[in-house]
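Everything below concerns the one structure shown next.
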Amino acid sequence: MSTHTSHTAKSTDTTHHAPATHGTPTASRPVTAVVGLGTVGEAFLRLAHAAGHRVIGVDTDPDAVARADRRLKASAGADTAGETHLTDDLAALSGADVVIEAVGDDLADKARLLRRIGGLSPAPVVTTTAGLSLAELAIASGRPGTLAGLRFLVPPGPGGTVEAVTTTLTAPATTTAVQSLIASLGLKPVSSLGVQPATDATALVLAQLNRAVSFLEAGHATRDDIDTAMRLGCGLPAGPLRLLDTFGLDTAHSLLTGLHHATGQACFRPAPLLSRLVATGRLGRKSGEGFHTWDDEGRTVHDTTALAPAGTATRHVRTVAVVGSGTMARGIAEVCATAGHPTVLVARSDDKAAAALAAIEQSLTRSVRRGRVTAQQKAAALAALTPAATVDAVSGRDLVIEAVAEDLAVKRDLFARLGRLTAAHGTILATTTSSLPVATCAEASGRAADTIGLHFFNPAPALRLVEVVRTPDTTDAVHAAANAFVGGLGKTAVTCPDRAGFIVNCLLFPYLGQAVRLLHRPGTSIDAIDAAVRDGFGYPMGPFELLDTIGLDVSLAIQQRLYDDLADPDQEPAPLLAALAGTGALGRKNGRGFRTATAA
């Protein structure tokens, strides 16, 4: 939902810029007014200014006016006189071509404000209401023909998505003005943010963001590792804590509280840390501080202490062995060899080893065609790869990466052998498990201090994230060496707790399960929810499309393992997912899933 300031503008005649010259505007220099300079109002103010509009900003809160003034100067340069007029005097609206109303969602307050705006300016008025009836507001304004709305789920930035909303009372000229405003601000018009899909998408994403806050508060991972893991692991435009800051922590807290009261679901109860930040005035980007610190140009100020590496690597990895010949093993071996590491790929037979090497060569050929690597890099990578059909080939390697089936008994047996084979060399041992306990593998090896988790994401050559999973026994030197090795591959490492799901799966799968549970409600549209999540929040896929991509059987198995290990009701597998997977619908891989099951 959009976020707003809670102040209704009134005239107290305080000007923070030299007034703009508001005669008859030219087509190339429209005058856009924004009433309410909170998170959303300021976003529109910046968009209008960047688009070359003359802008008027009005808010009764002097701090809001001063903050918008300071930030606009910081981003646009100090010389904005004649282009901007920021004030607490509503009378300044008289020269506007269009007025954007962005104050809090209180029906009585909005109605009074809209009537006042109508008495001062004949211009079309665009409301950013998040949840009020547009028709009711139009009638209450006294000028229903001049009122339209904009619907969006996060405060709009350059290239952001918005939906124009009108009523049967909206005049054609107003509709045209809103469409022109969207185009001139560089926003992307969409038609996927209807009330119910937008409400569902907001609830799903807010619950996920709230879980991220609880994850941080529990000490499972740092702020930056959580944001980086979800951004790179899920392809999100921003990490969850950064998104909350942009959204406005007070707005998120208010919406979560309302959802919790309405549904009773624990996932909507605001995390205590979120409540504390709001109570102390740390509201995110608009206040300059939330989970991150923000400068006046809207950029995060990096905390070098929080971002400091785990330590200087005193153990260096040159030679690598990858045990396994499946998709993940082949991808990791390709990445290691391409980065210049002499790499042994250990399969269960000579035939499997040869087939794996051929598959890697085909993958590298595709990468050359796509310009990701050169022909010389491909040749060097293939020269660095050695196939093997016996696990004894791992002896003498600096790092052994296990990438066999997700079966704990199989992994334990393998690590027991690896421990014996590598003890003399002091090899670092790593498992690529996505959900099994790393500590169990470490214990089986007899070399727990030298064992760590390296959870690559599939396909390993393309995806940048690696979750580095440290157990209580993993030494600082091994942890630092693992981070340095991952960085040398051109990947980004995040440190994760040795608990089911690590970071990404632990935060992703409750969100997916919650989406599936919405299907119990009559009339719920899979396509509409997917579209609202994509268009409203910028996610690369909606939840149902993502489940089909992962595979319904794989998703169900991960959810079951998370639930078994964490005993968290949020992680419980969705019954409809289990039922659909039980029919043999596996998603994209067999053409039958949430989007195709009825046609199969």
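Chain labels run A, B, ... following the order of the structure tokens; each chain numbers its residues from 1, and ligands are numbered from 1 in the order shown.
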
Would you mind listing what lies within 8 Å of region 150-161 of chain A as a VMD selection string, with only C-alpha atoms counted and same-chain residues fewer than 6 positions away left out? chain A and resid 1 to 3 39 to 40 43 to 44 47 126 to 130 185 to 190 193 198 202 246 to 247 535 to 537

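Using only C-alpha atoms, the protein and nucleic acid residues lying no more than 10 Å from Arg282 (chain A), apart from those fewer than 3 places from it along its own chain, are Asp245, Gly248, Leu249, Asp250, Leu274, Ser275, Arg276, Leu277, Val278, Ala279, Arg285, Lys286, Ser287, Gly288, Glu289, Gly290, Phe291, His292 and Thr293 of chain A.
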
Store the residues picked out above, limited to all heavy atoms, as a compact mmCIF listing (two decimals), in the first residue's frame.
```txt
# COMPACT_ATOMS: atom_id res chain seq x y z
N ASP A 245 12.34 0.13 5.15
CA ASP A 245 12.75 1.53 5.33
C ASP A 245 12.15 2.42 4.26
O ASP A 245 11.73 3.55 4.53
CB ASP A 245 14.29 1.63 5.26
CG ASP A 245 14.95 1.40 6.61
OD1 ASP A 245 14.25 1.15 7.60
OD2 ASP A 245 16.20 1.47 6.67
N GLY A 248 8.37 2.81 4.87
CA GLY A 248 8.03 3.57 6.07
C GLY A 248 7.69 2.60 7.19
O GLY A 248 6.70 1.86 7.10
N LEU A 249 8.51 2.57 8.24
CA LEU A 249 8.29 1.58 9.30
C LEU A 249 6.97 1.81 10.02
O LEU A 249 6.31 0.86 10.44
CB LEU A 249 9.46 1.60 10.30
CG LEU A 249 10.87 1.38 9.75
CD1 LEU A 249 11.84 1.12 10.90
CD2 LEU A 249 10.91 0.23 8.76
N ASP A 250 6.59 3.07 10.17
CA ASP A 250 5.31 3.34 10.83
C ASP A 250 4.13 2.87 9.98
O ASP A 250 3.16 2.31 10.51
CB ASP A 250 5.18 4.84 11.15
CG ASP A 250 5.42 5.73 9.94
OD1 ASP A 250 6.04 5.28 8.95
OD2 ASP A 250 4.99 6.90 9.98
N LEU A 274 10.50 -4.05 15.32
CA LEU A 274 9.81 -3.06 14.49
C LEU A 274 9.04 -2.08 15.35
O LEU A 274 9.09 -0.86 15.14
CB LEU A 274 8.87 -3.78 13.51
CG LEU A 274 8.05 -2.88 12.57
CD1 LEU A 274 8.97 -2.06 11.67
CD2 LEU A 274 7.09 -3.73 11.74
N SER A 275 8.37 -2.58 16.36
CA SER A 275 7.60 -1.70 17.27
C SER A 275 8.53 -0.74 18.00
O SER A 275 8.20 0.45 18.16
CB SER A 275 6.82 -2.54 18.28
OG SER A 275 5.86 -3.37 17.63
N ARG A 276 9.68 -1.22 18.43
CA ARG A 276 10.62 -0.35 19.16
C ARG A 276 11.16 0.76 18.26
O ARG A 276 11.29 1.91 18.69
CB ARG A 276 11.78 -1.18 19.73
CG ARG A 276 11.38 -2.09 20.88
CD ARG A 276 12.59 -2.56 21.66
NE ARG A 276 13.53 -3.31 20.86
CZ ARG A 276 13.47 -4.62 20.65
NH1 ARG A 276 12.45 -5.32 21.15
NH2 ARG A 276 14.38 -5.23 19.92
N LEU A 277 11.49 0.41 17.02
CA LEU A 277 12.00 1.44 16.11
C LEU A 277 10.95 2.52 15.86
O LEU A 277 11.28 3.72 15.86
CB LEU A 277 12.42 0.79 14.79
CG LEU A 277 13.66 -0.10 14.83
CD1 LEU A 277 13.87 -0.78 13.49
CD2 LEU A 277 14.90 0.70 15.21
N VAL A 278 9.72 2.11 15.66
CA VAL A 278 8.65 3.09 15.43
C VAL A 278 8.45 3.96 16.66
O VAL A 278 8.30 5.19 16.57
CB VAL A 278 7.34 2.38 15.04
CG1 VAL A 278 6.18 3.37 14.99
CG2 VAL A 278 7.50 1.69 13.68
N ALA A 279 8.48 3.36 17.84
CA ALA A 279 8.26 4.11 19.09
C ALA A 279 9.35 5.15 19.32
O ALA A 279 9.09 6.18 19.95
CB ALA A 279 8.19 3.15 20.27
N ARG A 285 13.52 5.60 5.73
CA ARG A 285 14.12 6.62 4.88
C ARG A 285 13.59 8.02 5.18
O ARG A 285 14.33 9.00 5.17
CB ARG A 285 13.86 6.27 3.40
CG ARG A 285 14.52 7.24 2.44
CD ARG A 285 14.05 7.03 1.01
NE ARG A 285 14.59 8.09 0.17
CZ ARG A 285 14.08 9.30 0.08
NH1 ARG A 285 13.00 9.63 0.78
NH2 ARG A 285 14.64 10.23 -0.69
N LYS A 286 12.29 8.13 5.45
CA LYS A 286 11.73 9.46 5.62
C LYS A 286 12.27 10.19 6.84
O LYS A 286 12.30 11.41 6.89
CB LYS A 286 10.21 9.41 5.65
CG LYS A 286 9.59 8.63 6.80
CD LYS A 286 8.07 8.62 6.63
CE LYS A 286 7.39 7.70 7.61
NZ LYS A 286 5.94 7.62 7.36
N SER A 287 12.68 9.43 7.88
CA SER A 287 13.25 10.07 9.07
C SER A 287 14.77 10.04 9.05
O SER A 287 15.41 10.61 9.93
CB SER A 287 12.74 9.37 10.34
OG SER A 287 13.28 8.07 10.46
N GLY A 288 15.34 9.38 8.05
CA GLY A 288 16.80 9.31 7.93
C GLY A 288 17.41 8.11 8.63
O GLY A 288 18.59 7.84 8.47
N GLU A 289 16.59 7.39 9.40
CA GLU A 289 17.14 6.24 10.12
C GLU A 289 16.04 5.22 10.37
O GLU A 289 14.93 5.55 10.75
CB GLU A 289 17.74 6.68 11.46
CG GLU A 289 18.54 5.60 12.15
CD GLU A 289 19.27 6.11 13.39
OE1 GLU A 289 19.03 7.27 13.77
OE2 GLU A 289 20.05 5.33 13.96
N GLY A 290 16.36 3.98 10.10
CA GLY A 290 15.48 2.86 10.38
C GLY A 290 16.35 1.65 10.59
O GLY A 290 17.21 1.64 11.47
N PHE A 291 16.19 0.63 9.78
CA PHE A 291 17.15 -0.48 9.81
C PHE A 291 18.47 -0.03 9.21
O PHE A 291 19.53 -0.50 9.59
CB PHE A 291 16.58 -1.69 9.06
CG PHE A 291 15.41 -2.32 9.77
CD1 PHE A 291 14.12 -2.08 9.34
CD2 PHE A 291 15.61 -3.11 10.89
CE1 PHE A 291 13.04 -2.65 10.01
CE2 PHE A 291 14.54 -3.67 11.56
CZ PHE A 291 13.25 -3.43 11.13
N HIS A 292 18.39 0.86 8.23
CA HIS A 292 19.57 1.48 7.63
C HIS A 292 19.59 2.97 7.99
O HIS A 292 18.59 3.51 8.48
CB HIS A 292 19.53 1.33 6.10
CG HIS A 292 19.62 -0.08 5.61
ND1 HIS A 292 20.79 -0.66 5.22
CD2 HIS A 292 18.65 -1.02 5.44
CE1 HIS A 292 20.56 -1.91 4.82
NE2 HIS A 292 19.26 -2.15 4.95
N THR A 293 20.72 3.61 7.72
CA THR A 293 20.82 5.06 7.83
C THR A 293 20.81 5.63 6.42
O THR A 293 21.47 5.10 5.52
CB THR A 293 22.11 5.46 8.57
OG1 THR A 293 22.11 4.86 9.87
CG2 THR A 293 22.21 6.97 8.71
```

Report, in Å to a single decimal, how far apart CA of Ala358 (chain A) and CA of Val404 (chain A) are. 18.7 Å

Ranking A:Ser191, A:Gly446, A:Thr451, A:His520 by minimum distance to Arg534 (chain A) and counting only C-alpha atoms, which one comes first? A:Ser191

Dump as JSON lines the rows for residues of region 200-247 of chain A within 10 Å of region 508-511 of chain A: closest atom pair and distance in Å with one decimal, only C-alpha atoms counted, ordered by chain and rising residue number.
```
{"residue": "A:Ala203", "atom": "CA", "partner": "A:Tyr511", "partner_atom": "CA", "distance": 9.7}
{"residue": "A:Leu204", "atom": "CA", "partner": "A:Tyr511", "partner_atom": "CA", "distance": 6.2}
{"residue": "A:Val205", "atom": "CA", "partner": "A:Tyr511", "partner_atom": "CA", "distance": 7.4}
{"residue": "A:Leu206", "atom": "CA", "partner": "A:Tyr511", "partner_atom": "CA", "distance": 9.5}
{"residue": "A:Ala207", "atom": "CA", "partner": "A:Tyr511", "partner_atom": "CA", "distance": 7.3}
{"residue": "A:Gln208", "atom": "CA", "partner": "A:Tyr511", "partner_atom": "CA", "distance": 5.9}
{"residue": "A:Leu209", "atom": "CA", "partner": "A:Tyr511", "partner_atom": "CA", "distance": 9.6}
{"residue": "A:Arg211", "atom": "CA", "partner": "A:Pro510", "partner_atom": "CA", "distance": 9.0}
{"residue": "A:Ala212", "atom": "CA", "partner": "A:Leu508", "partner_atom": "CA", "distance": 9.9}
{"residue": "A:Met230", "atom": "CA", "partner": "A:Leu508", "partner_atom": "CA", "distance": 8.4}
{"residue": "A:Gly233", "atom": "CA", "partner": "A:Leu508", "partner_atom": "CA", "distance": 9.7}
{"residue": "A:Cys234", "atom": "CA", "partner": "A:Leu508", "partner_atom": "CA", "distance": 8.2}
```

Please produce a file of those selected residues containing C-alpha atoms, as a PDB file, in the first residue's frame.
```
ATOM      1  CA  ALA A 203      -0.406  -8.912   3.093  1.00  0.00           C
ATOM      2  CA  LEU A 204       1.898 -11.603   1.675  1.00  0.00           C
ATOM      3  CA  VAL A 205       4.883  -9.281   1.326  1.00  0.00           C
ATOM      4  CA  LEU A 206       4.360  -7.511   4.661  1.00  0.00           C
ATOM      5  CA  ALA A 207       4.281 -10.852   6.482  1.00  0.00           C
ATOM      6  CA  GLN A 208       7.548 -11.798   4.776  1.00  0.00           C
ATOM      7  CA  LEU A 209       9.145  -8.474   5.742  1.00  0.00           C
ATOM      8  CA  ARG A 211       9.542 -12.374   9.442  1.00  0.00           C
ATOM      9  CA  ALA A 212      12.810 -10.831   8.266  1.00  0.00           C
ATOM     10  CA  MET A 230      16.976 -12.189  -0.243  1.00  0.00           C
ATOM     11  CA  GLY A 233      18.715 -15.428  -3.753  1.00  0.00           C
ATOM     12  CA  CYS A 234      15.203 -14.394  -4.817  1.00  0.00           C
TER      13      CYS A 234
END
```

Nearby residues (only C-alpha atoms) at most 12 Å from Ala353 (chain A), same-chain spacing under 3 positions excluded, as an NGL selection string: :A and (322-326 or 329-330 or 333 or 344-350 or 356-360 or 385-391)

Step one, run DSSP on the backbone; step two, keep only residues of region 470-555 of chain A assigned to helix (DSSP H, G or I); then write them as number ranges by chain. A: 476-488, 504-520, 526-537, 543-550, 552-555

Every residue of region 74-276 of chain A that DSSP places in strand (DSSP E), as an NGL selection string: :A and (84-87 or 98-101 or 125-127 or 147-151 or 161-165 or 188-189)

Output C-alpha atoms of each residue in that selection to a file, as a PDB file, in the first residue's frame.
```pdb
ATOM      1  CA  THR A  84      10.009  24.743  -6.445  1.00  0.00           C
ATOM      2  CA  HIS A  85       7.753  26.285  -3.871  1.00  0.00           C
ATOM      3  CA  LEU A  86       7.569  24.394  -0.583  1.00  0.00           C
ATOM      4  CA  THR A  87       5.222  25.846   1.984  1.00  0.00           C
ATOM      5  CA  VAL A  98      -2.628  19.025 -11.320  1.00  0.00           C
ATOM      6  CA  VAL A  99      -2.721  18.369  -7.558  1.00  0.00           C
ATOM      7  CA  ILE A 100      -1.514  15.116  -5.990  1.00  0.00           C
ATOM      8  CA  GLU A 101      -3.070  14.537  -2.562  1.00  0.00           C
ATOM      9  CA  VAL A 125      -6.888  16.171  -8.188  1.00  0.00           C
ATOM     10  CA  VAL A 126      -5.174  12.784  -7.893  1.00  0.00           C
ATOM     11  CA  THR A 127      -5.533  10.991  -4.565  1.00  0.00           C
ATOM     12  CA  LEU A 147     -11.007  13.421  -8.796  1.00  0.00           C
ATOM     13  CA  ALA A 148      -9.080  10.309  -9.812  1.00  0.00           C
ATOM     14  CA  GLY A 149      -6.628   8.062  -8.022  1.00  0.00           C
ATOM     15  CA  LEU A 150      -3.263   6.364  -8.315  1.00  0.00           C
ATOM     16  CA  ARG A 151      -2.782   2.903  -6.830  1.00  0.00           C
ATOM     17  CA  THR A 161       4.516   0.996 -11.531  1.00  0.00           C
ATOM     18  CA  VAL A 162       1.191   2.711 -10.829  1.00  0.00           C
ATOM     19  CA  GLU A 163      -2.415   2.068 -11.759  1.00  0.00           C
ATOM     20  CA  ALA A 164      -4.759   4.900 -12.706  1.00  0.00           C
ATOM     21  CA  VAL A 165      -8.067   4.567 -10.855  1.00  0.00           C
ATOM     22  CA  LYS A 188       4.845   2.565 -15.867  1.00  0.00           C
ATOM     23  CA  PRO A 189       1.054   2.220 -16.076  1.00  0.00           C
TER      24      PRO A 189
END
```

For a quick check of understanding, using only C-alpha atoms, which of A:Asp570, A:Asp88, A:Glu136, A:Asp527 has the smallest distance to Thr166 (chain A)?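 Of A:Asp570, A:Asp88, A:Glu136, A:Asp527, the one nearest Thr166 (chain A) is A:Glu136, counting only C-alpha atoms.
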
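Closest approach to Ala460 (chain A) among A:Leu418, A:Ile332, A:Val373, A:Ala221: A:Ile332, based on only C-alpha atoms.
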
Do a neighbour search on His341 (chain A) at 12 Å with only C-alpha atoms, toss out local chain neighbours closer than 6 positions, and write the hits as a PyMOL selection string. chain A and resi 316-322+332-335+380-386+397-399+485-486+488-489

Give me, as a PyMOL selection string, all polymer residues having an atom no more than 12 Å from region 463-465 of chain A, counting only C-alpha atoms and skipping those fewer than 6 positions away in the same chain. chain A and resi 225-235+328+331-332+335+454-457+483+486-496+503-504

Distance in Å - CA of Arg116 (chain A) versus CA of Ala92 (chain A):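 So the two atoms, CA of Arg116 (chain A) and CA of Ala92 (chain A), lie 12.1 Å apart.
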
List as a VMD selection string the protein and nucleic acid residues near Leu421 (chain A), meaning an atom at most 8 Å away when only C-alpha atoms are counted, but skip any in the same chain fewer than 4 places from it. chain A and resid 392 394 to 395 417

Just give me the gap between CA of Ala76 (chain A) and CA of Leu244 (chain A) in Å, one decimal is fine.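 A separation of 25.0 Å between them.
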
Contacts of Ala379 (chain A) at 10 Å or less, counting only C-alpha atoms, minus same-chain residues fewer than 6 places along, as a ChimeraX atom specification? /A:338,361,364-365

Between A:Ala74, A:Val468, A:Ala449, A:Leu256, which residue has the minimum interatomic distance to Thr432 (chain A), considering only C-alpha atoms?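 So, comparing all the options, the nearest one is A:Val468.
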
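Distances from A:Leu577, A:Ala439, A:Ala500, A:Leu562 to Asp473 (chain A) were compared using only C-alpha atoms, and the smallest one belongs to A:Ala439.
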
Considering only C-alpha atoms, state which residue in the set A:Glu83, A:Val301, A:Ala108, A:His49 is at the smallest distance from Ser184 (chain A).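 So, comparing all the options, the nearest one is A:His49.
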